[in-house]
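Engineer: Here you go, one structure.
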Amino acid sequence: MIEFKILKKSKKSNARLGIIKTSHGLVETPTLVPVATQATVKMLPAELVNETKTQILIVNTFHLHLKPGEKIVKFHGGLHRFMNWKKPLMTDSGGFQVFSLGFGMDFGINKIVKSKTKELIKRGQQPKLLKITNDGVFFTSYLDGQKLFLGPKESIKIQEALDADIIFAFDECPPPFANRAYLKNSLKRTHNWAKICLDVKKSKQALFGIVQGGRYKDLRIESAKFMSSLPFDGFGIGGEFGNKKSNMIPMLKWVNKELPENKPRHLLGIGHREDILPVVKSGIDTFDCTLPTHYARHGVAFTSRGRLDMAKSMFLSSRIEGKKPLDKNCNCFVCNNYSCGYITHLLRAREATGPELLTFHNLYFFNALLEKIRGMIKLGKL
RNA sequence: GCGUCGGUGGCAGAGUGGUCAAUUGCACUAGACUGUAAAUCUAGCGCCCAUCGGGCUACGUAGGUUCGAAUCCUACCCGGCGCA
């Protein structure tokens with residue numbers, strides 16, 4: 001069970017300041033939900049994640065089902081105890097893997113397609129490594145080739161065993177350039193699965209339904225209305241947003257307009273630095289993104305002076321750059337204690353501490369930013 | 001001194017008469033990454049012009065054999081090892 005309270009609604013935008021109350025504590029919204037796919041934020045022990053101002057994490061059902069299996073997690077007392085995370089948790093349903101291990105992999109594409117692409121994927125078309133049916137999805141495990149099946153029932157059962165505070169309905173995250181017929185069919189399936197998820201769930205966990213519909217306004221609105229009509233505790237907004245990222249904000253506005261105001265809205269898998277403000281202004285309460293942690297491992301630091309590729313030799317040798325912290329406006333222990341030059345050295349020497357420090361900083365940076373945004377909403381400035 | 005093995009691009013290390021500007025790894029440079037198959041992937045990496053491509057100089061040094069040599073021969077220089 002969760003409770004959602006809106007503390008303030010902006011007059012300048014659709015932004016809202018809120019609190020999600022769970023049995024593991026409060027989540028002040030809007031907030032980033034860092035990603036802990038395999039029950040860990042890569043590179044950081046839970047104690048350190050806790051010090052990045054992180055309020056809630058999202059863990060992945062698909063990955064934990066494969067390894068170590070939900071029974072093991074349950075044996076250890078559920079996710080919170082297993083991973084020593086005392087604050088709130090979400091689990092994703094595995095729906096994203098329908099895309100990322102399916103068409104995403106086949107075509108080497110991401111959710112947001114930047115180049116102009118013709119509609120490639122037609123109704124009935126199937127990805128190579130998995131088969132999508134009306135009941136669910138047959139996966140071929142990338143770990144050992146074993147066949148496994150994940151549908152709404154299976155996903156909910158696994159998520160119940162994992163025991164996060166908030167769980168998501170099993171959906172299909174459709175590929176960015178599926179044609180309308182494909183998307184319509186996929187949406188029907190996702191809607192059907194949403195009802196099954198609600199029927200099957202026995203636990204007291206909060207269940208969020210996921211709005212899909214691709215880049216089509218009518219499908220998005222239809223999906224938002226459909227999900228709103230069901231007794232979900234909150235909503236996720238997922239999928240692709242067309243060939244241009246600029247389509248995303250209008251889409252969020254269509255959808256958020258239809259969703260009930262008193263329930264939390266989670267945007268799935270979005271969170272570049274420049275996306276955050278418009279997303280919050282559109283009325284999103286929470287959003288998860290691998291960006292801060294993922295890019296950290298690739299040597300990228302997010303700072304108040306922009307995105308820095310810390311592996312570049314200039315940070316090592318430049319007298320000015322080299323001695324500075326990553327971000328003089330940041331108050332994290334990395335910025336308080338370490339220089340750019342040192343971090344660059346660690347990255348180039350392939351020392352794990354490099355990505356570790358960047359992961360910490362990036363999470364702190366994003367969380368501090370959201371804290372600031374919450375402050376602005378409170379003061380009526382946003 | 002004699003014998004022997006070897007000297008290849010920033011490094012390591014393939015190639016051992018044409019398909020070699022030279023496999024591969026590292027390093028370096030650039031790019032990508034948004035519900036994580038991701039501490040990953042892609043590309044470039046002798047010099048010069050260039051769109052495909054073309055030209056030049058290169059495999060210790062100097063000669064030679066050959067239509068053609070990083071690859072064979074000779075001498076020299078340098079290094080490892082063995083024997084004096």
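Following the order of the structure tokens, first chain is A, next is B, and so on, with residues numbered from 1 inside each chain and ligands from 1 in the order they appear.
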Which residues come within 10 Å of Gln38 in chain A, counting only C-alpha atoms (C1' of nucleotides), excluding same-chain residues fewer than 4 positions away, as an NGL selection string?
Structural biologist: (:A and (42 or 58-68 or 83)) or (:B and (36))
Engineer: Go ahead and save the picked residues with N, CA and C atoms (P, O5', C5', C4', C3', O3' and C1' of nucleotides), as a PDB file, in the first residue's frame.
Structural biologist:
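And here's out_26.pdb as it stands now:
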ATOM      1  N   LYS A  42      24.875  -0.355  -9.764  1.00  0.00           N
ATOM      2  CA  LYS A  42      26.204  -0.815 -10.160  1.00  0.00           C
ATOM      3  C   LYS A  42      27.276   0.121  -9.615  1.00  0.00           C
ATOM      4  N   ILE A  58      14.731   1.401  -8.426  1.00  0.00           N
ATOM      5  CA  ILE A  58      13.950   0.452  -9.222  1.00  0.00           C
ATOM      6  C   ILE A  58      14.827  -0.731  -9.612  1.00  0.00           C
ATOM      7  N   VAL A  59      14.292  -1.921  -9.398  1.00  0.00           N
ATOM      8  CA  VAL A  59      15.008  -3.170  -9.627  1.00  0.00           C
ATOM      9  C   VAL A  59      14.283  -3.905 -10.750  1.00  0.00           C
ATOM     10  N   ASN A  60      14.970  -4.799 -11.413  1.00  0.00           N
ATOM     11  CA  ASN A  60      14.366  -5.436 -12.580  1.00  0.00           C
ATOM     12  C   ASN A  60      13.927  -6.884 -12.355  1.00  0.00           C
ATOM     13  N   THR A  61      12.654  -7.103 -12.649  1.00  0.00           N
ATOM     14  CA  THR A  61      12.035  -8.413 -12.480  1.00  0.00           C
ATOM     15  C   THR A  61      12.657  -9.469 -13.388  1.00  0.00           C
ATOM     16  N   PHE A  62      12.844  -9.116 -14.634  1.00  0.00           N
ATOM     17  CA  PHE A  62      13.383 -10.061 -15.617  1.00  0.00           C
ATOM     18  C   PHE A  62      14.767 -10.568 -15.193  1.00  0.00           C
ATOM     19  N   HIS A  63      15.630  -9.632 -14.863  1.00  0.00           N
ATOM     20  CA  HIS A  63      17.001 -10.003 -14.512  1.00  0.00           C
ATOM     21  C   HIS A  63      17.051 -10.851 -13.233  1.00  0.00           C
ATOM     22  N   LEU A  64      16.247 -10.476 -12.241  1.00  0.00           N
ATOM     23  CA  LEU A  64      16.291 -11.239 -11.000  1.00  0.00           C
ATOM     24  C   LEU A  64      15.619 -12.605 -11.138  1.00  0.00           C
ATOM     25  N   HIS A  65      14.669 -12.681 -12.044  1.00  0.00           N
ATOM     26  CA  HIS A  65      14.047 -13.978 -12.314  1.00  0.00           C
ATOM     27  C   HIS A  65      15.083 -14.930 -12.899  1.00  0.00           C
ATOM     28  N   LEU A  66      15.896 -14.395 -13.819  1.00  0.00           N
ATOM     29  CA  LEU A  66      16.960 -15.206 -14.411  1.00  0.00           C
ATOM     30  C   LEU A  66      18.020 -15.557 -13.367  1.00  0.00           C
ATOM     31  N   LYS A  67      18.380 -14.597 -12.583  1.00  0.00           N
ATOM     32  CA  LYS A  67      19.479 -14.769 -11.645  1.00  0.00           C
ATOM     33  C   LYS A  67      19.302 -13.835 -10.485  1.00  0.00           C
ATOM     34  N   PRO A  68      19.155 -14.261  -9.264  1.00  0.00           N
ATOM     35  CA  PRO A  68      19.303 -15.646  -8.799  1.00  0.00           C
ATOM     36  C   PRO A  68      17.983 -16.422  -8.806  1.00  0.00           C
ATOM     37  N   MET A  83      19.165  -6.847  -0.445  1.00  0.00           N
ATOM     38  CA  MET A  83      20.130  -5.860  -0.935  1.00  0.00           C
ATOM     39  C   MET A  83      20.463  -4.789   0.115  1.00  0.00           C
TER      40      MET A  83
ATOM     41  P     U B  36      15.786  -1.375 -16.950  1.00  0.00           P
ATOM     42  O5'   U B  36      16.680  -1.720 -18.232  1.00  0.00           O
ATOM     43  C5'   U B  36      17.659  -0.789 -18.687  1.00  0.00           C
ATOM     44  C4'   U B  36      18.846  -1.567 -19.206  1.00  0.00           C
ATOM     45  C3'   U B  36      18.999  -2.937 -18.495  1.00  0.00           C
ATOM     46  O3'   U B  36      18.667  -4.082 -19.292  1.00  0.00           O
ATOM     47  C1'   U B  36      20.963  -1.504 -18.211  1.00  0.00           C
TER      48        U B  36
END
Engineer: Chain A residues within 8 Å of chain B, counting only C-alpha atoms (C1' of nucleotides): which ones, as a list in words?
Structural biologist: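 Contact residues on the first chain: Thr37, Asp92, Phe96, Leu101, Lys111, Ile112, Tyr142, Leu143, Gly238, Leu268, Gly269, Ile270, Gly271, His272, Asp288, Cys289, Thr290, Leu291, His294, Tyr295, Arg297, His298, Ala352 and Pro355 of chain A.
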Engineer: Take the residues from that selection and put them in a file with C-alpha atoms, as an mmCIF file, in the first residue's frame.
Structural biologist:
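Now in selection39.cif:
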data_model
loop_
_atom_site.group_PDB
_atom_site.id
_atom_site.type_symbol
_atom_site.label_atom_id
_atom_site.label_comp_id
_atom_site.auth_asym_id
_atom_site.auth_seq_id
_atom_site.Cartn_x
_atom_site.Cartn_y
_atom_site.Cartn_z
ATOM 1 C CA THR A 37 18.750 -3.617 -12.299
ATOM 2 C CA ASP A 92 9.965 -3.073 -13.244
ATOM 3 C CA PHE A 96 11.116 -3.272 -21.272
ATOM 4 C CA LEU A 101 16.109 -7.962 -26.064
ATOM 5 C CA LYS A 111 13.763 3.917 -27.482
ATOM 6 C CA ILE A 112 14.406 7.265 -29.044
ATOM 7 C CA TYR A 142 20.946 -14.322 -23.127
ATOM 8 C CA LEU A 143 22.724 -16.000 -20.240
ATOM 9 C CA GLY A 238 6.324 3.955 -21.186
ATOM 10 C CA LEU A 268 9.758 5.099 -17.477
ATOM 11 C CA GLY A 269 13.343 5.371 -18.573
ATOM 12 C CA ILE A 270 13.750 9.047 -19.280
ATOM 13 C CA GLY A 271 16.164 11.430 -17.688
ATOM 14 C CA HIS A 272 18.809 13.245 -19.666
ATOM 15 C CA ASP A 288 13.831 6.358 -13.560
ATOM 16 C CA CYS A 289 16.874 6.456 -15.749
ATOM 17 C CA THR A 290 20.086 4.511 -16.084
ATOM 18 C CA LEU A 291 21.837 7.591 -17.350
ATOM 19 C CA HIS A 294 25.465 4.039 -16.817
ATOM 20 C CA TYR A 295 27.328 7.072 -18.129
ATOM 21 C CA ARG A 297 30.867 3.784 -15.935
ATOM 22 C CA HIS A 298 31.664 5.207 -19.352
ATOM 23 C CA ALA A 352 37.220 0.646 -10.518
ATOM 24 C CA PRO A 355 33.575 4.784 -12.190
#
Engineer: For Asn50 in chain A, find every residue with an atom within 12 Å (counting only C-alpha atoms (C1' of nucleotides)), except residues of its own chain fewer than 2 positions away, and show them as a PyMOL selection string.
Structural biologist: chain A and resi 34+40-41+44-48+52-57+84-88+360+363-364+367
Engineer: Do a neighbour search on Ser228 in chain A at 8 Å with only C-alpha atoms (C1' of nucleotides), toss out local chain neighbours closer than 6 positions, and write the hits as number ranges by chain.
Structural biologist: A: 258-260
Engineer: Need the shell around U4 in chain B: protein/DNA/RNA residues with any atom at most 12 Å away, counting only C-alpha atoms (C1' of nucleotides). Skip same-chain ones fewer than 6 positions apart. Format as a VMD selection string?
Structural biologist: chain B and resid 80 to 83
Engineer: At a cut-off of 7 Å, using only C-alpha atoms (C1' of nucleotides), what residues contact Ser339 in chain A? Leave out same-chain residues fewer than 5 positions from it and give the result as an NGL selection string.
Structural biologist: :A and (322-326)
Engineer: Please provide the set of residues having any atom within 12 Å of Lys225 in chain A, restricted to only C-alpha atoms (C1' of nucleotides), with same-chain residues fewer than 2 positions apart removed, written as a list in words.
Structural biologist: His191, Gly209, Ile210, Val211, Gln212, Gly213, Asp218, Leu219, Arg220, Ile221, Glu222, Ser223, Met227, Ser228, Ser229, Leu230, Phe235, Trp254, Val255, Asn256, Lys257, Glu258, Leu259 and Pro260 of chain A
Engineer: Pick the closest to A32 in chain B from A:Ser100, A:Ala36, A:Leu17, A:Ile109: which is it, counting only C-alpha atoms (C1' of nucleotides)?
Structural biologist: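 Answer, going by the shortest atom-to-atom distance: A:Ile109.
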Engineer: So which residues of range 74-226 of chain A fall under helix (DSSP H, G or I) by DSSP, listed as a VMD selection string?
Structural biologist: chain A and resid 74 to 75 79 to 82 95 to 107 152 to 162 180 to 200 217 to 226
Engineer: Just the number, please: distance in Å from CA of Gly136 in chain A to CA of Val98 in chain A, one decimal.
Structural biologist: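 So the answer is 9.6 Å.
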